[in-house]
>>> print(open('final-v5.cif').read())   # mmCIF, C-alpha atoms
data_run
loop_
_atom_site.label_atom_id
_atom_site.label_comp_id
_atom_site.auth_asym_id
_atom_site.auth_seq_id
_atom_site.Cartn_x
_atom_site.Cartn_y
_atom_site.Cartn_z
CA MET A 280 0.00 0.00 0.00
CA ARG A 281 1.36 3.40 -0.97
CA GLN A 282 2.20 5.61 1.98
CA ASN A 283 1.16 9.23 2.12
CA ARG A 284 4.42 11.09 2.71
CA TYR A 285 4.51 14.87 3.03
CA LYS A 286 6.58 17.57 4.66
CA GLN A 287 5.72 21.09 5.71
CA PHE A 288 8.29 23.75 6.58
CA PHE A 289 7.89 26.70 8.91
CA TYR A 290 10.21 29.69 9.05
CA LYS A 291 10.92 32.63 11.32
CA ASN A 292 12.86 35.64 9.99
CA GLY A 293 13.89 33.56 7.00
CA GLN A 294 15.28 30.73 9.15
CA LEU A 295 13.90 27.20 9.16
CA THR A 296 12.41 26.49 12.59
CA THR A 297 10.16 23.43 12.12
CA GLU A 298 9.78 20.56 9.71
CA VAL A 299 6.56 18.55 10.00
CA GLY A 300 6.41 15.22 8.20
CA SER A 301 4.05 12.26 8.08
CA GLU A 302 6.41 10.23 10.26
CA CYS A 303 7.98 12.81 12.59
CA SER A 304 8.48 16.53 13.19
CA VAL A 305 11.64 18.42 14.04
CA THR A 306 11.83 21.78 15.80
CA VAL A 307 15.05 23.83 15.89
CA LEU A 308 15.90 26.16 18.77
CA SER A 309 18.05 29.07 17.59
CA ALA A 310 19.59 32.22 19.03
CA SER A 311 20.91 35.03 16.82
CA ASN A 312 20.24 32.82 13.77
CA ALA A 313 22.54 30.11 15.17
CA PRO A 314 20.91 26.66 15.75
CA LEU A 315 21.61 25.46 19.29
CA ALA A 316 19.33 22.46 19.78
CA GLU A 317 16.58 20.51 18.09
CA THR A 318 13.71 18.33 19.21
CA ARG A 319 12.58 15.34 17.13
CA SER A 320 9.12 13.89 17.83
CA ASP A 321 7.25 10.95 16.30
CA GLY A 322 3.99 11.63 18.13
CA ARG A 323 4.73 9.16 20.92
CA SER A 324 8.05 10.39 22.28
CA ALA A 325 10.40 13.32 21.82
CA LYS A 326 14.19 13.39 21.60
CA THR A 327 16.16 16.59 22.21
CA SER A 328 19.75 17.01 21.03
CA LEU A 329 22.30 19.75 21.59
CA LEU A 330 24.16 21.04 18.52
CA ALA A 331 27.80 22.11 18.19
CA LEU A 332 28.66 24.60 15.41
CA ASP A 333 31.60 26.19 13.69
CA LEU A 334 31.90 29.87 12.70
CA GLN A 335 29.70 29.31 9.63
CA SER A 336 26.98 27.59 11.71
CA SER A 337 27.74 24.19 10.17
CA ILE A 338 26.54 21.38 12.43
CA LEU A 339 29.60 19.45 13.66
CA ASN A 340 28.10 17.44 16.53
CA SER A 341 24.64 16.39 17.61
CA LEU A 342 24.64 15.28 21.25
CA HIS A 343 21.88 13.26 22.93
CA ARG A 344 22.12 11.75 26.37
CA ASP A 345 22.83 8.31 24.94
CA SER A 346 24.52 9.12 21.62
CA LEU A 347 26.90 11.49 19.85
CA HIS A 348 26.87 12.03 16.08
CA THR A 349 29.79 13.81 14.40
CA ILE A 350 29.74 15.28 10.89
CA ALA A 351 32.83 16.39 8.96
CA TYR A 352 32.73 18.48 5.77
CA ASN A 353 35.18 19.43 3.08
CA ALA A 354 35.54 23.11 2.13
CA TYR A 355 32.46 23.00 -0.11
CA GLY A 356 30.25 21.13 2.35
CA HIS A 357 30.48 17.59 1.04
CA SER A 358 30.15 14.94 3.75
CA LYS A 359 29.79 11.17 3.62
CA ASN A 360 27.22 11.29 6.40
CA ALA A 361 25.44 14.54 5.43
CA HIS A 362 22.26 12.52 4.93
CA SER A 363 22.32 11.38 8.58
CA THR A 364 19.01 11.76 10.41
CA ALA A 365 20.89 12.79 13.56
CA SER A 366 20.35 16.47 12.68
CA LEU A 367 17.89 18.33 10.46
CA LEU A 368 20.51 20.92 9.50
CA GLY A 369 23.99 20.49 8.06
CA PHE A 370 26.55 22.61 6.23
CA THR A 371 26.32 26.33 7.18
CA GLY A 372 23.19 25.55 9.17
CA GLN A 373 21.13 24.72 6.08
CA ARG A 374 18.75 21.77 5.57
CA TYR A 375 20.14 18.92 3.50
CA ASP A 376 17.61 17.46 1.04
CA ASP A 377 17.90 13.65 0.89
CA LEU A 378 15.95 13.44 -2.36
CA THR A 379 18.16 15.75 -4.44
CA HIS A 380 21.33 15.41 -2.32
CA CYS A 381 21.55 19.19 -2.35
CA TYR A 382 21.15 22.14 -0.05
CA LEU A 383 18.15 24.17 -1.24
CA LEU A 384 19.47 27.62 -0.36
CA GLY A 385 17.28 30.67 -0.07
CA ASN A 386 14.53 28.48 1.39
CA GLY A 387 14.28 26.53 -1.86
CA TYR A 388 15.35 29.28 -4.28
CA ARG A 389 18.40 27.49 -5.70
CA ALA A 390 19.87 23.99 -5.30
CA TYR A 391 23.51 23.79 -4.26
CA SER A 392 25.31 20.46 -4.69
CA PRO A 393 28.16 19.99 -2.19
CA THR A 394 29.33 17.00 -4.25
CA LEU A 395 29.76 19.09 -7.42
CA ALA A 396 30.72 22.20 -5.38
CA ARG A 397 28.42 24.36 -7.52
CA PHE A 398 24.83 25.44 -8.01
CA LEU A 399 22.63 23.49 -10.41
CA SER A 400 21.13 26.64 -11.93
CA ALA A 401 22.33 30.15 -12.70
CA ASP A 402 21.64 33.02 -10.32
CA SER A 403 18.70 35.20 -11.34
CA LEU A 404 20.87 38.25 -10.59
CA SER A 405 23.45 37.37 -13.26
CA PRO A 406 24.88 38.25 -15.72
CA PHE A 407 24.08 41.96 -15.55
CA THR A 408 25.58 42.82 -12.15
CA THR A 409 29.00 42.70 -10.54
CA HIS A 410 30.60 39.60 -9.00
CA THR A 411 29.15 37.30 -11.67
CA HIS A 412 32.36 35.77 -12.99
CA ASN A 413 30.68 32.35 -12.75
CA ALA A 414 26.90 32.27 -12.36
CA TYR A 415 27.07 28.72 -10.95
CA ALA A 416 29.96 29.20 -8.50
CA TYR A 417 29.44 28.97 -4.75
CA CYS A 418 30.65 32.06 -2.85
CA LEU A 419 32.88 33.13 -5.76
CA GLY A 420 35.07 30.08 -5.17
CA ASP A 421 35.93 31.00 -1.56
CA PRO A 422 33.80 28.79 0.73
CA VAL A 423 36.35 28.98 3.56
CA ASN A 424 35.85 32.68 4.19
CA ARG A 425 32.27 33.04 2.93
CA TYR A 426 28.93 31.29 3.13
CA ASP A 427 25.74 31.81 1.18
CA PRO A 428 22.38 31.19 2.90
CA SER A 429 20.41 33.06 0.22
CA GLY A 430 21.70 31.42 -2.96
CA HIS A 431 22.31 34.85 -4.51
CA ILE A 432 25.79 35.74 -5.74
CA LEU A 433 25.52 39.32 -4.50
CA LYS A 434 24.30 38.30 -1.06
CA TYR A 435 27.06 36.00 0.11
CA VAL A 436 28.30 36.67 3.64
CA GLN A 437 31.99 37.11 4.26
CA GLN A 438 33.54 35.49 7.30
CA GLY A 439 36.98 35.64 8.86
CA TRP A 440 38.86 38.56 10.39
CA SER A 441 37.73 41.11 7.81
CA TYR A 442 34.10 40.23 8.58
CA LEU A 443 34.69 40.49 12.33
CA LYS A 444 36.31 43.89 11.91
CA SER A 445 33.31 45.15 9.96
CA THR A 446 30.89 44.07 12.69
CA VAL A 447 32.82 45.56 15.62
CA VAL A 448 31.46 48.93 16.75
CA LYS A 449 34.40 51.31 16.59
CA PRO A 450 34.58 54.36 18.89
CA ARG A 451 34.22 57.89 17.53
CA SER A 452 37.92 58.51 18.21
CA HIS A 453 38.79 55.91 15.57
CA TYR A 454 36.95 57.87 12.87
CA ALA A 455 38.23 61.20 14.16
CA GLU A 456 41.85 60.04 13.94
CA LYS A 457 41.41 58.81 10.37
CA ALA A 458 39.70 62.09 9.39
CA ARG A 459 42.52 64.10 10.98
CA LYS A 460 45.13 62.09 9.08
CA ALA A 461 43.25 62.57 5.78
CA ILE A 462 43.18 66.35 6.29
CA ILE A 463 46.94 66.43 6.92
CA GLU A 464 47.53 64.53 3.68
CA ASN A 465 45.00 66.67 1.75
CA PRO A 466 45.37 70.36 2.76
CA ASN A 467 42.38 71.39 0.63
CA TYR A 468 40.21 69.61 3.22
CA GLU A 469 41.50 71.83 6.01
CA LYS A 470 38.08 73.48 6.35
CA TYR A 471 36.70 70.24 7.77
CA SER A 472 39.24 70.14 10.62
CA LEU A 473 36.84 72.25 12.67
CA LEU A 474 34.34 69.39 12.66
CA ILE A 475 36.61 66.71 14.06
CA ASP A 476 36.61 67.86 17.68
CA ASP A 477 32.95 68.84 17.75
CA PRO A 478 31.08 66.16 19.75
CA ASN A 479 27.89 66.89 17.77
CA VAL A 480 29.49 65.64 14.55
CA GLY A 481 28.70 61.96 14.03
CA LYS A 482 30.79 59.05 12.77
CA SER A 483 29.23 59.14 9.30
CA THR A 484 30.43 62.72 8.76
CA LEU A 485 33.93 61.87 9.97
CA LYS A 486 33.94 58.86 7.66
CA ALA A 487 32.96 61.09 4.73
CA ILE A 488 35.92 63.39 5.50
CA TYR A 489 38.54 60.66 5.12
CA LYS A 490 36.76 58.62 2.46
CA LEU A 491 36.12 61.46 0.01
CA PRO A 492 39.83 62.17 -0.76
CA GLU A 493 40.42 58.46 -1.41
CA ILE A 494 37.50 58.12 -3.77
CA GLU A 495 38.33 61.36 -5.59
CA LYS A 496 41.83 60.10 -6.35
CA LEU A 497 40.32 57.00 -7.93
CA PHE A 498 37.89 59.26 -9.81
CA VAL A 499 40.77 61.22 -11.35
CA LYS A 500 42.58 57.99 -12.25
CA LEU A 501 39.54 56.59 -14.02
CA LYS A 502 39.02 59.84 -15.95
CA ALA A 503 42.61 59.70 -17.15
CA GLN A 504 42.16 56.09 -18.25
CA ALA A 505 38.94 56.96 -20.11
CA LYS A 506 40.73 59.81 -21.92
CA GLU A 507 43.55 57.50 -22.92
CA ASN A 508 41.12 54.91 -24.25
CA TRP A 509 39.21 57.61 -26.13
CA ALA A 510 42.40 58.97 -27.71
CA LYS A 511 43.34 55.52 -29.03
CA LEU A 512 40.04 55.25 -30.91
CA ASN A 513 39.71 58.82 -32.18
CA GLU A 514 42.06 60.93 -34.24
CA GLU A 515 40.24 64.25 -33.76
CA PRO A 516 41.30 66.75 -31.05
CA LEU A 517 40.36 65.76 -27.50
CA LEU A 518 37.33 67.73 -26.31
CA GLU A 519 36.32 66.79 -22.75
CA PRO A 520 32.60 67.59 -23.13
CA LYS A 521 32.47 64.95 -25.86
CA ILE A 522 33.83 62.18 -23.63
CA ASP A 523 31.45 59.69 -22.10
CA TYR A 524 33.78 58.46 -19.36
CA HIS A 525 31.65 55.44 -18.47
CA ASN A 526 31.52 54.11 -22.03
CA ASN A 527 35.25 54.64 -22.58
CA LEU A 528 36.25 52.38 -19.70
CA HIS A 529 36.72 48.65 -20.09
CA GLY A 530 37.52 45.48 -18.19
CA GLY A 531 35.22 46.18 -15.27
CA ASP A 532 36.34 49.79 -14.82
CA GLU A 533 33.00 50.97 -16.18
CA TRP A 534 31.28 49.47 -13.13
CA THR A 535 33.93 50.92 -10.85
CA TRP A 536 33.16 54.32 -12.38
CA VAL A 537 29.49 54.02 -11.47
CA GLY A 538 30.35 53.09 -7.88
CA VAL A 539 32.88 55.92 -7.56
CA VAL A 540 30.45 58.56 -8.82
CA ASN A 541 27.73 57.33 -6.45
CA LYS A 542 30.10 57.38 -3.48
CA ILE A 543 31.32 60.88 -4.27
CA HIS A 544 27.72 62.12 -4.33
CA LYS A 545 27.02 60.24 -1.09
CA TYR A 546 29.97 61.75 0.81
CA GLU A 547 29.42 65.23 -0.61
CA ARG A 548 25.78 65.13 0.49
CA ARG A 549 26.86 64.04 3.95
CA LEU A 550 29.27 66.99 4.23
CA SER A 551 26.66 69.45 2.97
CA VAL A 552 23.84 68.65 5.39
CA PRO A 553 22.47 71.73 7.21
CA GLU A 554 24.00 70.90 10.61
CA THR A 555 27.48 70.44 9.11
CA GLU A 556 27.27 73.66 7.11
CA SER A 557 26.09 75.62 10.13
CA LEU A 558 29.02 74.38 12.20
CA LEU A 559 31.45 75.50 9.51
CA LEU A 560 29.81 78.93 9.23
CA ARG A 561 29.89 79.46 12.99
CA ALA A 562 33.54 78.52 13.10
CA LEU A 563 34.35 81.04 10.38
#
>>> encode(input="final-v5.cif", output="structure tokens")
Amino acid sequence: MRQNRYKQFFYKNGQLTTEVGSECSVTVLSASNAPLAETRSDGRSAKTSLLALDLQSSILNSLHRDSLHTIAYNAYGHSKNAHSTASLLGFTGQRYDDLTHCYLLGNGYRAYSPTLARFLSADSLSPFTTHTHNAYAYCLGDPVNRYDPSGHILKYVQQGWSYLKSTVVKPRSHYAEKARKAIIENPNYEKYSLLIDDPNVGKSTLKAIYKLPEIEKLFVKLKAQAKENWAKLNEEPLLEPKIDYHNNLHGGDEWTWVGVVNKIHKYERRLSVPETESLLLRAL
């Protein structure tokens, strides 16, 4: 007689919390998106296990009072016992699908095969955005330092020291020191020195002070490259108003140009907000 098998999945804030099947149900207890324990019930009894994770939330151990299950992965998440029923979740805290032998990332959006170390379909965001060198690659070929719960190329999460640095809340003095150094190296920004010691000036303004000179230098470099490319293709005299800088850049520089222009506008707007302008006027 054919059995009626089904599974229902329940999520909270995009994270899988419960799987209900015809034979059993599994509930995951998480904190800060990290799975800590899970309870497996067949309707007659329940079994609770504690989970041990690594930095990417991959399940390494599932501990019950009378058993211990250990799972080891290679860099791309392949494991001989990934199909074990000891834990609902596996590599990077994602559910392993026994039918397809894949991780269905993005809550089913795209299938990732840890055996092939690649996605089985192209990302819907490619090929018209940045970071799409390979539309089927997992984490741009760097699974040690990154993980991808969404299945989108542009939404991978970077781990390691650089990620930790970005998440640490730095004191205002850190931004003030960098802004002060930028002003010393760029005397034309001397007018902003009056803002550094004002406690009413926030971190975002200080960041704009030291970021703007950096991005403007790149802006000038890209303009020079665009002019050089234009001159190679045209024999007529160089007239700047005729140059479309974006379209005269190649090899990815055209996308860098867009980002640079947007950042310049962002930092200039931050330094021209009413409260910043009023502080400068009062100081003068």
>>> closest_residue(input="final-v5.cif", among="A:Asn479, A:Ser309, A:Asn508, A:Asn465", to="Asn526 (chain A)", atoms="all atoms listed in the file")
A:Asn508
>>> residues_around(input="final-v5.cif", residues="region 379-387 of chain A", least_positions_apart="3", cutoff="10 Å", atoms="all atoms listed in the file", output="count of residues only")
30
>>> closest_residue(input="final-v5.cif", among="A:Ala354, A:Tyr388, A:Tyr471, A:Asn340", to="Pro422 (chain A)", atoms="only C-alpha atoms")
A:Ala354
>>> residues_around(input="final-v5.cif", residues="Leu332 (chain A)", least_positions_apart="5", cutoff="9 Å", atoms="only C-alpha atoms", output="JSON, numbers by chain")
{"A": [313, 314, 315, 337, 338, 339, 340, 371, 372]}
>>> closest_residue(input="final-v5.cif", among="A:Val307, A:Leu491, A:Ala458, A:Leu367", to="Ser472 (chain A)", atoms="all atoms listed in the file")
A:Ala458
>>> atom_distance(input="final-v5.cif", atom1="CA of Ser400 (chain A)", atom2="CA of Gly531 (chain A)")
24.3 Å
>>> atom_distance(input="final-v5.cif", atom1="CA of Arg549 (chain A)", atom2="CA of Pro492 (chain A)")
13.9 Å
>>> resolve_selection(input="final-v5.cif", expression="the PyMOL selection byres ((chain A and resi 486) around 9)", output="JSON list (two decimals) with C-alpha atoms, in the coordinates of the input")
[["chain", "number", "residue", "atom", "x", "y", "z"],
["A", 454, "TYR", "CA", 36.95, 57.87, 12.87],
["A", 455, "ALA", "CA", 38.23, 61.20, 14.16],
["A", 457, "LYS", "CA", 41.41, 58.81, 10.37],
["A", 458, "ALA", "CA", 39.70, 62.09, 9.39],
["A", 481, "GLY", "CA", 28.70, 61.96, 14.03],
["A", 482, "LYS", "CA", 30.79, 59.05, 12.77],
["A", 483, "SER", "CA", 29.23, 59.14, 9.30],
["A", 484, "THR", "CA", 30.43, 62.72, 8.76],
["A", 485, "LEU", "CA", 33.93, 61.87, 9.97],
["A", 487, "ALA", "CA", 32.96, 61.09, 4.73],
["A", 488, "ILE", "CA", 35.92, 63.39, 5.50],
["A", 489, "TYR", "CA", 38.54, 60.66, 5.12],
["A", 490, "LYS", "CA", 36.76, 58.62, 2.46],
["A", 491, "LEU", "CA", 36.12, 61.46, 0.01],
["A", 546, "TYR", "CA", 29.97, 61.75, 0.81]]
>>> atom_distance(input="final-v5.cif", atom1="CA of Leu308 (chain A)", atom2="CA of Ser346 (chain A)")
19.3 Å
>>> axis_aligned_box(input="final-v5.cif", around="region 289-300 of chain A", padding_each_side="6 Å", output="AutoDock Vina command-line options")
--center_x 10.8 --center_y 25.4 --center_z 9.8 --size_x 20.9 --size_y 32.4 --size_z 17.6
>>> residues_near_point(input="final-v5.cif", point="(10.9, 11.5, 14.4)", cutoff="9 Å", atoms="all atoms listed in the file", output="tab-separated table (two decimals) with C-alpha atoms, keeping the file's coordinate frame")
chain	number	residue	atom	x	y	z
A	300	GLY	CA	6.41	15.22	8.20
A	302	GLU	CA	6.41	10.23	10.26
A	303	CYS	CA	7.98	12.81	12.59
A	304	SER	CA	8.48	16.53	13.19
A	305	VAL	CA	11.64	18.42	14.04
A	318	THR	CA	13.71	18.33	19.21
A	319	ARG	CA	12.58	15.34	17.13
A	320	SER	CA	9.12	13.89	17.83
A	321	ASP	CA	7.25	10.95	16.30
A	322	GLY	CA	3.99	11.63	18.13
A	324	SER	CA	8.05	10.39	22.28
A	325	ALA	CA	10.40	13.32	21.82
A	326	LYS	CA	14.19	13.39	21.60
>>> resolve_selection(input="final-v5.cif", expression="the PyMOL selection byres ((chain A and resi 348) around 9)", output="list in words")
Leu339, Asn340, Ser341, Leu342, His343, Ser346, Leu347, Thr349, Ile350, Ser363, Ala365 and Ser366 of chain A
>>> resolve_selection(input="final-v5.cif", expression="the PyMOL selection byres ((chain A and resi 287) around 7)", output="list in words")
Tyr285, Lys286, Phe288, Phe289, Glu298, Val299 and Gly300 of chain A
>>> residues_around(input="final-v5.cif", residues="region 495-503 of chain A", least_positions_apart="2", cutoff="12 Å", atoms="only C-alpha atoms", output="mmCIF file with C-alpha atoms, in the coordinates of the input")
data_model
loop_
_atom_site.group_PDB
_atom_site.id
_atom_site.type_symbol
_atom_site.label_atom_id
_atom_site.label_comp_id
_atom_site.auth_asym_id
_atom_site.auth_seq_id
_atom_site.Cartn_x
_atom_site.Cartn_y
_atom_site.Cartn_z
ATOM 1 C CA ASN A 465 45.000 66.670 1.750
ATOM 2 C CA ALA A 487 32.960 61.090 4.730
ATOM 3 C CA ILE A 488 35.920 63.390 5.500
ATOM 4 C CA TYR A 489 38.540 60.660 5.120
ATOM 5 C CA LYS A 490 36.760 58.620 2.460
ATOM 6 C CA LEU A 491 36.120 61.460 0.010
ATOM 7 C CA PRO A 492 39.830 62.170 -0.760
ATOM 8 C CA GLU A 493 40.420 58.460 -1.410
ATOM 9 C CA ALA A 505 38.940 56.960 -20.110
ATOM 10 C CA LYS A 506 40.730 59.810 -21.920
ATOM 11 C CA GLU A 507 43.550 57.500 -22.920
ATOM 12 C CA ASN A 508 41.120 54.910 -24.250
ATOM 13 C CA TRP A 509 39.210 57.610 -26.130
ATOM 14 C CA ALA A 510 42.400 58.970 -27.710
ATOM 15 C CA GLU A 519 36.320 66.790 -22.750
ATOM 16 C CA ILE A 522 33.830 62.180 -23.630
ATOM 17 C CA ASP A 523 31.450 59.690 -22.100
ATOM 18 C CA TYR A 524 33.780 58.460 -19.360
ATOM 19 C CA HIS A 525 31.650 55.440 -18.470
ATOM 20 C CA ASN A 526 31.520 54.110 -22.030
ATOM 21 C CA ASN A 527 35.250 54.640 -22.580
ATOM 22 C CA LEU A 528 36.250 52.380 -19.700
ATOM 23 C CA HIS A 529 36.720 48.650 -20.090
ATOM 24 C CA GLY A 531 35.220 46.180 -15.270
ATOM 25 C CA ASP A 532 36.340 49.790 -14.820
ATOM 26 C CA GLU A 533 33.000 50.970 -16.180
ATOM 27 C CA TRP A 534 31.280 49.470 -13.130
ATOM 28 C CA THR A 535 33.930 50.920 -10.850
ATOM 29 C CA TRP A 536 33.160 54.320 -12.380
ATOM 30 C CA VAL A 537 29.490 54.020 -11.470
ATOM 31 C CA GLY A 538 30.350 53.090 -7.880
ATOM 32 C CA VAL A 539 32.880 55.920 -7.560
ATOM 33 C CA VAL A 540 30.450 58.560 -8.820
ATOM 34 C CA ASN A 541 27.730 57.330 -6.450
ATOM 35 C CA LYS A 542 30.100 57.380 -3.480
ATOM 36 C CA ILE A 543 31.320 60.880 -4.270
ATOM 37 C CA HIS A 544 27.720 62.120 -4.330
ATOM 38 C CA TYR A 546 29.970 61.750 0.810
ATOM 39 C CA GLU A 547 29.420 65.230 -0.610
#
>>> closest_residue(input="final-v5.cif", among="A:Ser311, A:Thr306, A:Ser403, A:Asn424", to="Gln335 (chain A)", atoms="all atoms listed in the file")
A:Asn424
>>> closest_residue(input="final-v5.cif", among="A:Tyr417, A:Asp345, A:Gly530, A:Ala461", to="Gln504 (chain A)", atoms="all atoms listed in the file")
A:Gly530
>>> closest_residue(input="final-v5.cif", among="A:Lys460, A:Asp421, A:Arg389, A:Tyr355", to="Ile475 (chain A)", atoms="only C-alpha atoms")
A:Lys460
